[in-house]
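Data from protein-v4.txt: compact mmCIF, C-alpha atoms and all ligand atoms
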```txt
# COMPACT_ATOMS: atom_id res chain seq x y z
CA MET A 599 0.00 0.00 0.00
CA ARG A 600 3.08 2.24 0.41
CA LEU A 601 3.16 3.57 -3.13
CA HIS A 602 -0.60 3.97 -3.35
CA LEU A 603 -0.48 6.26 -0.34
CA LEU A 604 2.49 8.20 -1.73
CA ALA A 605 0.57 8.73 -4.98
CA LEU A 606 -2.45 10.08 -3.13
CA LEU A 607 -0.25 12.38 -1.05
CA ALA A 608 1.39 13.70 -4.24
CA LYS A 609 -1.96 15.30 -5.02
CA GLU A 610 -2.47 16.95 -1.63
CA PRO A 611 -1.61 16.51 2.04
CA ALA A 612 -4.14 14.42 3.92
CA HIS A 613 -4.74 12.63 7.18
CA GLY A 614 -5.10 8.88 7.53
CA TYR A 615 -8.85 8.64 7.31
CA GLU A 616 -8.97 10.82 4.18
CA LEU A 617 -6.47 8.52 2.53
CA LYS A 618 -8.59 5.49 3.31
CA GLN A 619 -11.61 7.21 1.77
CA ALA A 620 -9.66 8.30 -1.30
CA LEU A 621 -8.54 4.70 -1.93
CA GLU A 622 -12.12 3.51 -1.69
CA GLN A 623 -13.34 6.20 -4.05
CA THR A 624 -10.66 5.63 -6.65
CA PHE A 625 -10.85 1.86 -6.80
CA GLY A 626 -14.51 1.24 -6.03
CA SER A 627 -15.10 -2.43 -5.33
CA ALA A 628 -11.83 -3.33 -7.05
CA TYR A 629 -9.88 -2.78 -3.86
CA PRO A 630 -10.43 -4.64 -0.62
CA SER A 631 -11.43 -1.80 1.69
CA PRO A 632 -8.20 -0.98 3.58
CA ASN A 633 -8.34 -1.14 7.33
CA ILE A 634 -7.56 2.17 9.00
CA GLY A 635 -4.99 0.63 11.33
CA GLN A 636 -3.05 -0.62 8.35
CA VAL A 637 -3.12 2.85 6.79
CA TYR A 638 -1.62 4.35 9.96
CA VAL A 639 1.01 1.63 10.27
CA THR A 640 2.06 2.21 6.65
CA LEU A 641 2.17 5.99 7.14
CA GLY A 642 4.35 5.48 10.21
CA ARG A 643 6.83 3.43 8.18
CA LEU A 644 6.85 5.95 5.34
CA GLU A 645 7.58 8.66 7.89
CA LYS A 646 10.42 6.66 9.40
CA ASP A 647 11.91 6.20 5.91
CA GLY A 648 11.70 9.95 5.32
CA LEU A 649 9.24 9.64 2.43
CA VAL A 650 6.45 11.56 4.18
CA ARG A 651 6.34 13.95 7.08
CA ALA A 652 3.49 14.75 9.45
CA VAL A 653 2.33 17.98 11.03
CA ASP A 654 -0.04 18.18 13.98
CA VAL A 655 -3.15 20.17 13.29
CA GLU A 656 -5.14 21.40 16.27
CA GLN A 657 -8.82 20.63 16.40
CA SER A 658 -11.30 22.15 18.80
CA ASN A 659 -12.61 19.70 21.41
CA ARG A 660 -10.64 16.85 19.86
CA PRO A 661 -7.11 15.52 20.01
CA ASN A 662 -4.76 16.93 17.37
CA LYS A 663 -4.79 15.17 14.04
CA LYS A 664 -1.76 14.39 11.97
CA VAL A 665 -1.73 15.64 8.41
CA TYR A 666 0.80 13.92 6.18
CA TYR A 667 2.63 15.38 3.20
CA LEU A 668 5.12 14.06 0.68
CA THR A 669 8.84 14.89 1.09
CA ALA A 670 11.22 15.46 -1.85
CA LYS A 671 12.62 12.01 -1.22
CA GLY A 672 9.10 10.62 -1.26
CA ARG A 673 8.42 12.30 -4.58
CA ASP A 674 11.61 10.81 -6.08
CA HIS A 675 10.60 7.40 -4.85
CA LEU A 676 7.17 7.77 -6.42
CA THR A 677 8.60 9.05 -9.72
CA THR A 678 10.90 6.06 -9.98
CA TRP A 679 7.97 3.71 -9.40
CA VAL A 680 5.76 5.37 -12.01
CA ASP A 681 8.54 5.71 -14.60
CA GLU A 682 9.97 2.21 -14.56
CA PRO A 683 8.30 -0.55 -16.61
CA THR A 684 6.21 -2.85 -14.48
CA GLU A 685 7.08 -6.53 -14.25
CA GLY A 686 4.64 -8.61 -16.34
CA PRO A 687 2.60 -11.26 -14.60
CA ARG A 688 4.62 -14.42 -14.10
CA VAL A 689 3.34 -17.56 -15.73
CA ARG A 690 1.54 -19.42 -12.99
CA ASP A 691 3.96 -22.23 -12.62
CA GLU A 692 2.77 -24.35 -9.73
CA PHE A 693 0.29 -26.30 -11.81
CA PHE A 694 2.83 -26.66 -14.60
CA MET A 695 5.34 -28.15 -12.14
CA LYS A 696 2.74 -30.65 -11.00
CA LEU A 697 1.91 -31.50 -14.57
CA VAL A 698 5.49 -32.08 -15.64
CA LEU A 699 6.46 -34.00 -12.50
CA ALA A 700 3.22 -36.00 -12.14
CA PRO A 701 4.35 -39.10 -14.05
CA LEU A 702 7.36 -39.39 -11.73
CA THR A 703 5.21 -39.41 -8.63
CA GLY A 704 2.76 -42.06 -9.80
CA ILE A 705 0.07 -40.17 -7.84
CA ALA A 706 -2.03 -38.88 -10.73
CA ASP A 707 -1.82 -39.01 -14.49
CA ARG A 708 -1.56 -35.89 -16.58
CA MET A 709 -4.95 -36.20 -18.22
CA ALA A 710 -6.63 -36.31 -14.81
CA LEU A 711 -4.67 -33.27 -13.61
CA ILE A 712 -5.54 -31.30 -16.72
CA ASN A 713 -9.22 -32.17 -16.48
CA ARG A 714 -9.41 -31.15 -12.86
CA GLN A 715 -7.58 -27.92 -13.53
CA ARG A 716 -9.90 -27.07 -16.42
CA ARG A 717 -12.93 -27.42 -14.20
CA HIS A 718 -11.25 -25.31 -11.55
CA TYR A 719 -10.54 -22.51 -14.04
CA LEU A 720 -14.14 -22.64 -15.26
CA SER A 721 -15.37 -22.41 -11.72
CA LEU A 722 -13.19 -19.32 -11.16
CA MET A 723 -14.53 -17.89 -14.40
CA SER A 724 -18.04 -18.49 -13.22
CA ASP A 725 -17.24 -16.46 -10.08
CA LEU A 726 -15.94 -13.67 -12.29
CA ASN A 727 -19.10 -13.78 -14.43
CA ASP A 728 -21.20 -13.37 -11.29
CA LEU A 729 -18.97 -10.60 -10.08
CA LEU A 730 -19.23 -8.78 -13.40
CA ASN A 731 -23.03 -9.00 -13.23
CA ARG A 732 -23.07 -7.66 -9.69
CA THR A 733 -20.69 -4.78 -10.43
CA SER A 734 -22.19 -1.49 -11.47
CA PRO A 735 -21.00 -0.46 -14.96
CA SER A 736 -20.24 2.97 -13.51
CA ASP A 737 -17.58 1.31 -11.33
CA ARG A 738 -15.18 1.45 -14.27
CA VAL A 739 -12.02 0.51 -12.41
CA ALA A 740 -13.60 -2.64 -10.99
CA MET A 741 -15.10 -3.58 -14.38
CA LEU A 742 -11.71 -3.31 -16.07
CA LEU A 743 -10.04 -5.32 -13.35
CA ILE A 744 -12.57 -8.13 -13.71
CA GLU A 745 -12.23 -8.14 -17.49
CA GLY A 746 -8.45 -8.33 -17.09
CA ALA A 747 -8.78 -11.29 -14.76
CA MET A 748 -11.07 -13.00 -17.30
CA LEU A 749 -8.59 -12.53 -20.12
CA HIS A 750 -5.79 -14.00 -17.99
CA LEU A 751 -7.96 -16.97 -17.13
CA GLN A 752 -8.80 -17.52 -20.79
CA ALA A 753 -5.09 -17.57 -21.57
CA ASP A 754 -4.53 -20.12 -18.79
CA LEU A 755 -7.21 -22.34 -20.31
CA ASP A 756 -5.77 -22.06 -23.80
CA TRP A 757 -2.39 -22.98 -22.42
CA LEU A 758 -3.90 -25.95 -20.61
CA GLU A 759 -5.23 -27.15 -23.95
CA ARG A 760 -1.75 -26.83 -25.47
CA CYS A 761 -0.33 -28.85 -22.59
CA GLN A 762 -2.98 -31.49 -23.20
CA GLU A 763 -2.14 -31.72 -26.88
CA ASP A 764 1.60 -32.04 -26.27
CA LEU A 765 1.98 -33.85 -22.96
CA ALA A 766 -1.08 -35.96 -22.23
CA MET B 925 -38.10 -37.23 -16.36
CA SER B 926 -36.31 -38.63 -19.40
CA ALA B 927 -33.15 -37.19 -20.90
CA VAL B 928 -33.60 -34.57 -23.61
CA LEU B 929 -30.59 -36.08 -25.38
CA LYS B 930 -28.80 -39.38 -25.13
CA THR B 931 -26.11 -41.02 -27.23
CA VAL B 932 -24.91 -44.59 -27.00
CA ASN B 933 -21.46 -45.49 -28.26
CA LEU B 934 -21.71 -42.89 -31.00
CA VAL B 935 -19.09 -43.20 -33.71
CA LYS B 936 -18.22 -41.17 -36.80
CA ILE B 937 -15.58 -42.24 -39.26
CA TYR B 938 -15.13 -40.01 -42.31
CA GLN B 939 -14.51 -42.29 -45.27
CA ASP B 940 -14.44 -39.73 -48.09
CA GLY B 941 -10.64 -39.54 -48.31
CA ALA B 942 -7.97 -42.14 -49.04
CA ILE B 943 -7.68 -43.10 -45.38
CA PRO B 944 -10.67 -43.24 -43.02
CA VAL B 945 -10.64 -40.55 -40.30
CA PRO B 946 -12.15 -41.62 -36.98
CA ALA B 947 -13.47 -38.25 -35.74
CA VAL B 948 -15.78 -39.42 -32.94
CA ARG B 949 -14.93 -42.68 -31.23
CA GLY B 950 -17.63 -44.07 -28.99
CA VAL B 951 -19.29 -41.15 -27.19
CA ASP B 952 -21.87 -41.79 -24.46
CA LEU B 953 -23.54 -38.55 -23.51
CA GLN B 954 -26.71 -37.76 -21.61
CA VAL B 955 -28.30 -34.33 -21.21
CA GLU B 956 -31.18 -33.76 -18.80
CA PRO B 957 -33.97 -31.29 -19.53
CA GLY B 958 -32.87 -27.75 -18.71
CA GLU B 959 -29.22 -28.69 -18.51
CA PHE B 960 -26.50 -26.57 -20.13
CA VAL B 961 -23.50 -28.63 -21.29
CA ALA B 962 -20.34 -27.06 -22.66
CA ILE B 963 -18.19 -29.13 -25.00
CA MET B 964 -14.51 -28.25 -25.04
CA GLY B 965 -11.37 -29.73 -26.52
CA PRO B 966 -8.49 -29.00 -28.89
CA SER B 967 -8.97 -28.29 -32.57
CA GLY B 968 -9.73 -31.50 -34.44
CA SER B 969 -10.94 -33.36 -31.35
CA GLY B 970 -14.35 -34.00 -32.94
CA LYS B 971 -16.55 -31.30 -31.39
CA SER B 972 -18.20 -30.07 -34.59
CA THR B 973 -18.61 -33.62 -35.87
CA LEU B 974 -20.36 -34.59 -32.65
CA VAL B 975 -22.86 -31.72 -32.59
CA HIS B 976 -23.55 -32.10 -36.32
CA MET B 977 -24.55 -35.69 -35.70
CA LEU B 978 -26.70 -34.64 -32.74
CA GLY B 979 -28.54 -32.21 -35.00
CA GLY B 980 -28.93 -34.74 -37.82
CA LEU B 981 -26.69 -32.71 -40.14
CA ASP B 982 -24.16 -35.48 -40.50
CA ALA B 983 -24.91 -39.22 -40.55
CA ARG B 984 -23.41 -41.33 -37.77
CA THR B 985 -21.27 -44.33 -38.61
CA SER B 986 -22.58 -46.40 -35.71
CA GLY B 987 -24.23 -45.99 -32.32
CA GLU B 988 -27.51 -44.44 -31.22
CA ILE B 989 -28.93 -40.94 -30.78
CA TRP B 990 -32.08 -40.33 -28.74
CA LEU B 991 -33.93 -37.00 -28.63
CA ASP B 992 -36.75 -36.51 -26.12
CA GLY B 993 -36.99 -40.26 -25.67
CA LYS B 994 -37.21 -41.00 -29.40
CA ARG B 995 -34.54 -42.75 -31.40
CA VAL B 996 -33.47 -40.41 -34.21
CA ASP B 997 -30.26 -41.74 -35.77
CA THR B 998 -32.33 -44.04 -37.97
CA LEU B 999 -34.55 -41.24 -39.31
CA SER B 1000 -34.66 -40.29 -42.98
CA GLU B 1001 -33.38 -36.89 -44.00
CA SER B 1002 -36.87 -35.48 -44.43
CA ALA B 1003 -37.95 -36.78 -41.03
CA TRP B 1004 -34.88 -35.12 -39.56
CA ALA B 1005 -35.74 -31.85 -41.25
CA LEU B 1006 -39.18 -31.95 -39.67
CA LEU B 1007 -37.77 -32.78 -36.26
CA ARG B 1008 -35.21 -29.99 -36.45
CA ARG B 1009 -37.94 -27.49 -37.17
CA LYS B 1010 -39.78 -28.43 -34.00
CA LYS B 1011 -37.21 -29.61 -31.51
CA VAL B 1012 -33.69 -28.50 -32.31
CA GLY B 1013 -32.19 -25.07 -32.76
CA PHE B 1014 -28.78 -25.06 -34.39
CA VAL B 1015 -26.07 -22.39 -34.48
CA PHE B 1016 -23.26 -23.28 -36.86
CA GLN B 1017 -19.59 -22.54 -36.45
CA PHE B 1018 -19.83 -20.65 -39.74
CA PHE B 1019 -23.34 -19.14 -39.42
CA ASN B 1020 -25.49 -20.19 -42.50
CA LEU B 1021 -28.10 -17.50 -42.80
CA VAL B 1022 -30.47 -17.38 -45.75
CA ALA B 1023 -28.72 -14.83 -47.98
CA ASN B 1024 -31.71 -13.38 -49.83
CA MET B 1025 -33.82 -12.78 -46.76
CA THR B 1026 -33.56 -9.90 -44.33
CA VAL B 1027 -32.10 -10.41 -40.88
CA GLY B 1028 -35.56 -10.08 -39.34
CA ASP B 1029 -37.07 -12.68 -41.66
CA ASN B 1030 -34.19 -15.06 -41.00
CA VAL B 1031 -35.13 -14.96 -37.34
CA GLU B 1032 -38.87 -15.16 -37.93
CA LEU B 1033 -38.88 -17.98 -40.49
CA PRO B 1034 -38.18 -20.98 -38.24
CA ALA B 1035 -41.11 -20.16 -35.98
CA LEU B 1036 -43.42 -19.78 -39.01
CA LEU B 1037 -42.15 -23.08 -40.44
CA ALA B 1038 -42.86 -24.76 -37.14
CA GLY B 1039 -46.46 -23.58 -37.36
CA VAL B 1040 -46.43 -20.84 -34.74
CA SER B 1041 -49.00 -18.06 -35.32
CA PRO B 1042 -47.66 -15.05 -37.26
CA LYS B 1043 -48.36 -12.80 -34.28
CA VAL B 1044 -46.31 -14.94 -31.89
CA ALA B 1045 -43.55 -15.40 -34.47
CA ARG B 1046 -43.33 -11.62 -34.81
CA GLU B 1047 -43.19 -11.13 -31.04
CA ARG B 1048 -40.33 -13.60 -30.67
CA ARG B 1049 -38.47 -11.96 -33.51
CA GLU B 1050 -38.74 -8.55 -31.87
CA SER B 1051 -37.70 -9.78 -28.45
CA LEU B 1052 -34.73 -11.83 -29.71
CA LEU B 1053 -33.44 -9.06 -31.96
CA GLY B 1054 -33.80 -6.65 -29.05
CA ALA B 1055 -31.92 -8.91 -26.64
CA LEU B 1056 -29.00 -9.16 -29.05
CA ASP B 1057 -28.96 -5.47 -29.88
CA LEU B 1058 -29.91 -6.09 -33.52
CA THR B 1059 -33.22 -4.26 -33.77
CA ASP B 1060 -31.93 -1.58 -36.12
CA ARG B 1061 -30.33 -4.23 -38.39
CA ALA B 1062 -33.61 -6.10 -38.92
CA ASP B 1063 -34.09 -4.97 -42.52
CA ALA B 1064 -30.50 -5.53 -43.63
CA ALA B 1065 -29.37 -8.53 -45.67
CA PRO B 1066 -27.03 -10.94 -43.86
CA ALA B 1067 -24.16 -10.06 -46.20
CA GLN B 1068 -24.33 -6.45 -45.00
CA LEU B 1069 -23.59 -7.56 -41.45
CA SER B 1070 -20.28 -8.06 -39.71
CA GLY B 1071 -19.25 -11.59 -38.71
CA GLY B 1072 -20.20 -10.91 -35.13
CA GLU B 1073 -23.62 -9.57 -36.10
CA GLN B 1074 -24.32 -12.59 -38.31
CA GLN B 1075 -23.33 -14.83 -35.44
CA ARG B 1076 -25.88 -13.15 -33.20
CA VAL B 1077 -28.59 -13.41 -35.87
CA ALA B 1078 -27.84 -17.13 -36.14
CA LEU B 1079 -28.33 -17.47 -32.40
CA ALA B 1080 -31.60 -15.53 -32.48
CA ARG B 1081 -32.82 -17.73 -35.32
CA ALA B 1082 -31.92 -20.93 -33.47
CA LEU B 1083 -33.88 -19.79 -30.43
CA ALA B 1084 -36.93 -18.58 -32.34
CA ASN B 1085 -38.68 -21.93 -32.09
CA GLN B 1086 -38.10 -22.35 -28.41
CA PRO B 1087 -36.56 -25.72 -29.25
CA SER B 1088 -36.25 -28.56 -26.72
CA LEU B 1089 -32.54 -28.48 -27.42
CA LEU B 1090 -30.24 -25.71 -28.56
CA LEU B 1091 -27.10 -26.99 -30.30
CA ALA B 1092 -24.40 -24.43 -30.93
CA ASP B 1093 -20.93 -24.66 -32.40
CA GLU B 1094 -18.69 -21.77 -31.22
CA PRO B 1095 -21.48 -19.19 -31.14
CA THR B 1096 -19.15 -16.49 -29.84
CA GLY B 1097 -16.23 -17.22 -32.14
CA ASN B 1098 -16.55 -13.94 -34.03
CA LEU B 1099 -17.65 -11.64 -31.25
CA ASP B 1100 -15.82 -8.85 -29.50
CA SER B 1101 -16.20 -8.57 -25.75
CA ARG B 1102 -19.23 -6.28 -25.77
CA ASN B 1103 -21.17 -8.47 -28.17
CA THR B 1104 -20.12 -11.55 -26.27
CA ARG B 1105 -21.68 -9.95 -23.21
CA ASP B 1106 -25.05 -9.66 -25.04
CA VAL B 1107 -24.84 -13.30 -26.08
CA LEU B 1108 -23.86 -14.36 -22.56
CA ARG B 1109 -26.78 -12.49 -21.10
CA LEU B 1110 -29.25 -14.06 -23.53
CA LEU B 1111 -27.86 -17.56 -22.99
CA GLY B 1112 -28.01 -17.08 -19.23
CA LYS B 1113 -31.61 -15.92 -19.52
CA VAL B 1114 -32.91 -18.75 -21.75
CA HIS B 1115 -31.03 -21.28 -19.65
CA LYS B 1116 -32.70 -19.94 -16.52
CA GLU B 1117 -36.03 -20.28 -18.29
CA GLY B 1118 -35.33 -23.98 -18.80
CA GLN B 1119 -33.67 -24.12 -22.23
CA SER B 1120 -31.50 -27.23 -22.67
CA ILE B 1121 -28.21 -26.33 -24.33
CA VAL B 1122 -25.27 -28.24 -25.79
CA MET B 1123 -22.58 -25.83 -26.85
CA VAL B 1124 -19.13 -26.20 -28.31
CA THR B 1125 -16.94 -23.36 -27.14
CA HIS B 1126 -13.37 -22.28 -26.55
CA ASP B 1127 -14.60 -19.22 -24.70
CA ALA B 1128 -14.20 -19.75 -20.98
CA ARG B 1129 -16.76 -17.05 -20.17
CA VAL B 1130 -19.39 -18.97 -22.14
CA ALA B 1131 -18.33 -22.38 -20.82
CA ALA B 1132 -18.49 -21.04 -17.27
CA LEU B 1133 -22.24 -20.45 -17.68
CA ALA B 1134 -22.75 -24.17 -18.24
CA ASP B 1135 -23.76 -26.65 -15.56
CA ARG B 1136 -21.38 -29.25 -16.90
CA VAL B 1137 -18.29 -29.44 -19.08
CA VAL B 1138 -17.57 -32.37 -21.38
CA SER B 1139 -14.02 -32.51 -22.74
CA LEU B 1140 -13.22 -34.27 -25.97
CA PHE B 1141 -9.78 -35.44 -26.96
CA ASP B 1142 -9.09 -37.46 -30.10
CA GLY B 1143 -12.79 -38.15 -30.55
CA GLU B 1144 -13.33 -39.48 -27.04
CA VAL B 1145 -14.83 -38.01 -23.88
CA VAL B 1146 -11.94 -37.63 -21.44
CA ASP B 1147 -13.82 -35.64 -18.80
CA ASP B 1148 -17.45 -35.04 -17.92
CA GLY B 1149 -18.34 -33.19 -14.76
CA ARG B 1150 -20.07 -30.29 -13.09
CA ILE B 1151 -18.64 -26.79 -12.74
CA ALA B 1152 -18.57 -25.78 -9.08
CA ARG B 1153 -20.07 -22.42 -8.11
CA ARG B 1154 -18.92 -20.54 -5.09
CA ARG B 1155 -20.04 -16.91 -5.26
CA ARG B 1156 -17.66 -14.71 -3.36
CA GLY B 1157 -17.34 -11.05 -2.46
CA THR B 1158 -16.13 -8.06 -4.40
CA ALA B 1159 -13.53 -7.71 -7.15
CA GLY B 1160 -10.98 -6.69 -4.54
CA GLU B 1161 -11.45 -9.96 -2.70
CA VAL B 1162 -11.29 -12.17 -5.76
CA ILE B 1163 -8.48 -10.41 -7.56
CA ASP B 1164 -5.19 -9.56 -5.95
CA LEU B 1165 -4.16 -5.99 -6.75
CA ARG B 1166 -0.74 -5.28 -5.39
N1 LIG C 1 -15.85 -33.79 -44.01
C1 LIG C 1 -14.77 -34.33 -43.46
N2 LIG C 1 -14.06 -35.27 -44.12
C2 LIG C 1 -12.96 -35.83 -43.58
N3 LIG C 1 -12.49 -35.52 -42.36
C3 LIG C 1 -13.14 -34.60 -41.65
C4 LIG C 1 -14.31 -33.94 -42.15
N4 LIG C 1 -14.74 -33.07 -41.22
C5 LIG C 1 -13.89 -33.17 -40.18
N5 LIG C 1 -12.93 -34.09 -40.43
C6 LIG C 1 -11.83 -34.49 -39.52
O1 LIG C 1 -12.41 -35.00 -38.33
C7 LIG C 1 -11.69 -34.57 -37.17
C8 LIG C 1 -12.60 -33.81 -36.25
O2 LIG C 1 -13.00 -32.59 -36.88
P1 LIG C 1 -14.02 -31.57 -36.21
O3 LIG C 1 -14.35 -30.56 -37.23
O4 LIG C 1 -15.13 -32.33 -35.60
O5 LIG C 1 -13.09 -30.95 -35.07
P2 LIG C 1 -13.39 -29.77 -34.03
O6 LIG C 1 -13.15 -30.34 -32.67
O7 LIG C 1 -14.71 -29.17 -34.30
O8 LIG C 1 -12.22 -28.73 -34.35
P3 LIG C 1 -12.24 -27.09 -34.34
O9 LIG C 1 -12.02 -26.69 -32.90
O10 LIG C 1 -11.04 -26.74 -35.16
O11 LIG C 1 -13.51 -26.60 -34.92
C9 LIG C 1 -10.53 -33.76 -37.70
O12 LIG C 1 -9.41 -34.60 -37.77
C10 LIG C 1 -10.99 -33.32 -39.07
O13 LIG C 1 -9.88 -33.17 -39.95
MG MG C 2 -15.32 -27.27 -35.03
```

Would you write the structure of this file as structure tokens?
Ligand SMILES: Nc1ncnc2c1ncn2[C@@H]1O[C@H](COP(=O)(O)OP(=O)(O)OP(=O)(O)O)[C@@H](O)[C@H]1O
Ligand SMILES: [Mg+2]
Amino acid sequence: MRLHLLALLAKEPAHGYELKQALEQTFGSAYPSPNIGQVYVTLGRLEKDGLVRAVDVEQSNRPNKKVYYLTAKGRDHLTTWVDEPTEGPRVRDEFFMKLVLAPLTGIADRMALINRQRRHYLSLMSDLNDLLNRTSPSDRVAMLLIEGAMLHLQADLDWLERCQEDLA
Amino acid sequence: MSAVLKTVNLVKIYQDGAIPVPAVRGVDLQVEPGEFVAIMGPSGSGKSTLVHMLGGLDARTSGEIWLDGKRVDTLSESAWALLRRKKVGFVFQFFNLVANMTVGDNVELPALLAGVSPKVARERRESLLGALDLTDRADAAPAQLSGGEQQRVALARALANQPSLLLADEPTGNLDSRNTRDVLRLLGKVHKEGQSIVMVTHDARVAALADRVVSLFDGEVVDDGRIARRRRGTAGEVIDLR
């Protein structure tokens, strides 16, 4: 969550609760609602690393609240993150390892593994279908995230078919 | 309740070339009323051959096919044609619309042929075209439509008769993601209303709507089982954003 918070603070200084709300607003249902304790813990670490700094703001009838802002070092850190190419998703290799090693173990044959995995992927896809139907089209970020997950899953299934053709 | 479809040791060997090609090798398949079965498998595994036999479009080499409790693999071609009109809707891998009829008439014709009243046939045409976002293409000729649009017309036409069984061969093969969504929605809806469906597809989104997946490999069924449903929370809980 470190860089997400830095990015929000690049726009304007904010206190912890505002950051939590901003995350929820930006990502809609695409982001598991962050717990406020976790936001404060992360801010504390960012402060310790010199990436953000906090000032106490007095409030009437209430304890002071801490407003956080980005330091120059924090901005550099953020710029590096945004500017560098992002690692692509790794091929999910655990199933592939099972598939390649299965004949050695004598526990299951490849055809059985592939068939079970296909049904598992379809069951995940069915979850995503439901999720897409339950997501409001105005929640654009969540819609795109679900579509992305579906495309990845389709690629996994196509690959499974290739494995079946060549290995089974 | 008897199965809407049943095959017993169904075999197809193409003999038209120099060497015989065994495309389907002993398939036993049973589909209950209202069930949605997805057929998957690599290219050349016999999916099209299988559904063509189920729809009487290709003669079997041996084995039995039963539709609604009636043996049909022994029927003559004309008896098949009659049966298809009433009981089976078919969507081909490469559509097959009547070229010199408008899109709307293509959809309306099967219901008229099956003896439905013109008023009802018209109502079904309107509702199917609407569901697939084709209303403003109704007066076009099929050749004026994109591949994806023709595919959707073919689906509307296959459903026009409210057949006991919908057979479809890659009905989303030519669709982009928005059009696929329309097709998914319609399939989900007719399935919920009790439509039995056997569908060949590579599209995981379509297959995931099915109750069961049957996998073919080299002309044989290598897997046949239900797709588990779990229903979980929000996108953020299902998908890991880091
Ligand atoms: N008319 C035909 N004559 C001879 N062989 C055929 C004929 N039609 C299909 N075949 C062969 O039968 C096998 C099964 O073909 P089929 O079209 O059923 O595969 P499929 O699973 O539908 O593949 P795809 O995913 O590419 O559509 C293939 O080996 C194919 O070459
Ligand atoms: Mg085919």

Residues of chain B within 7 Å of ligand MG 2 (chain C): nearest atom pair and distance (Å, one decimal) for each, counting only C-alpha atoms and all ligand atoms, sorted by chain and number, as a tab-separated table?
```
residue	atom	partner	partner_atom	distance
B:Ser967	CA	C:MG2	MG	6.9
B:Lys971	CA	C:MG2	MG	5.6
B:Ser972	CA	C:MG2	MG	4.0
B:Gln1017	CA	C:MG2	MG	6.5
B:Asp1093	CA	C:MG2	MG	6.7
```

Protein and nucleic residues near ligand LIG 1 (chain C), 9 Å, all atoms listed in the file, as an MDAnalysis selection string:
chainID B and resid 936:941 944:948 964:976 1017 1093:1094 1124:1126 1140:1143

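Here atom CA of Gly958 of chain B stands at a distance of 5.1 Å from atom CA of Gln1119 of chain B.
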
Students should find that atom CA of Arg1061 of chain B and atom CA of Asn1103 of chain B are spaced 14.4 Å

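Nearest to Thr669 of chain A of all the residues A:Leu726, A:Leu607, A:Ile744, A:Val655 is A:Leu607, counting only C-alpha atoms.
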
Residue neighbourhood Gly614 of chain A, 7 Å, all atoms listed in the file, exclusion window fewer than 4 positions, as a PyMOL selection string: chain A and resi 618+637-638
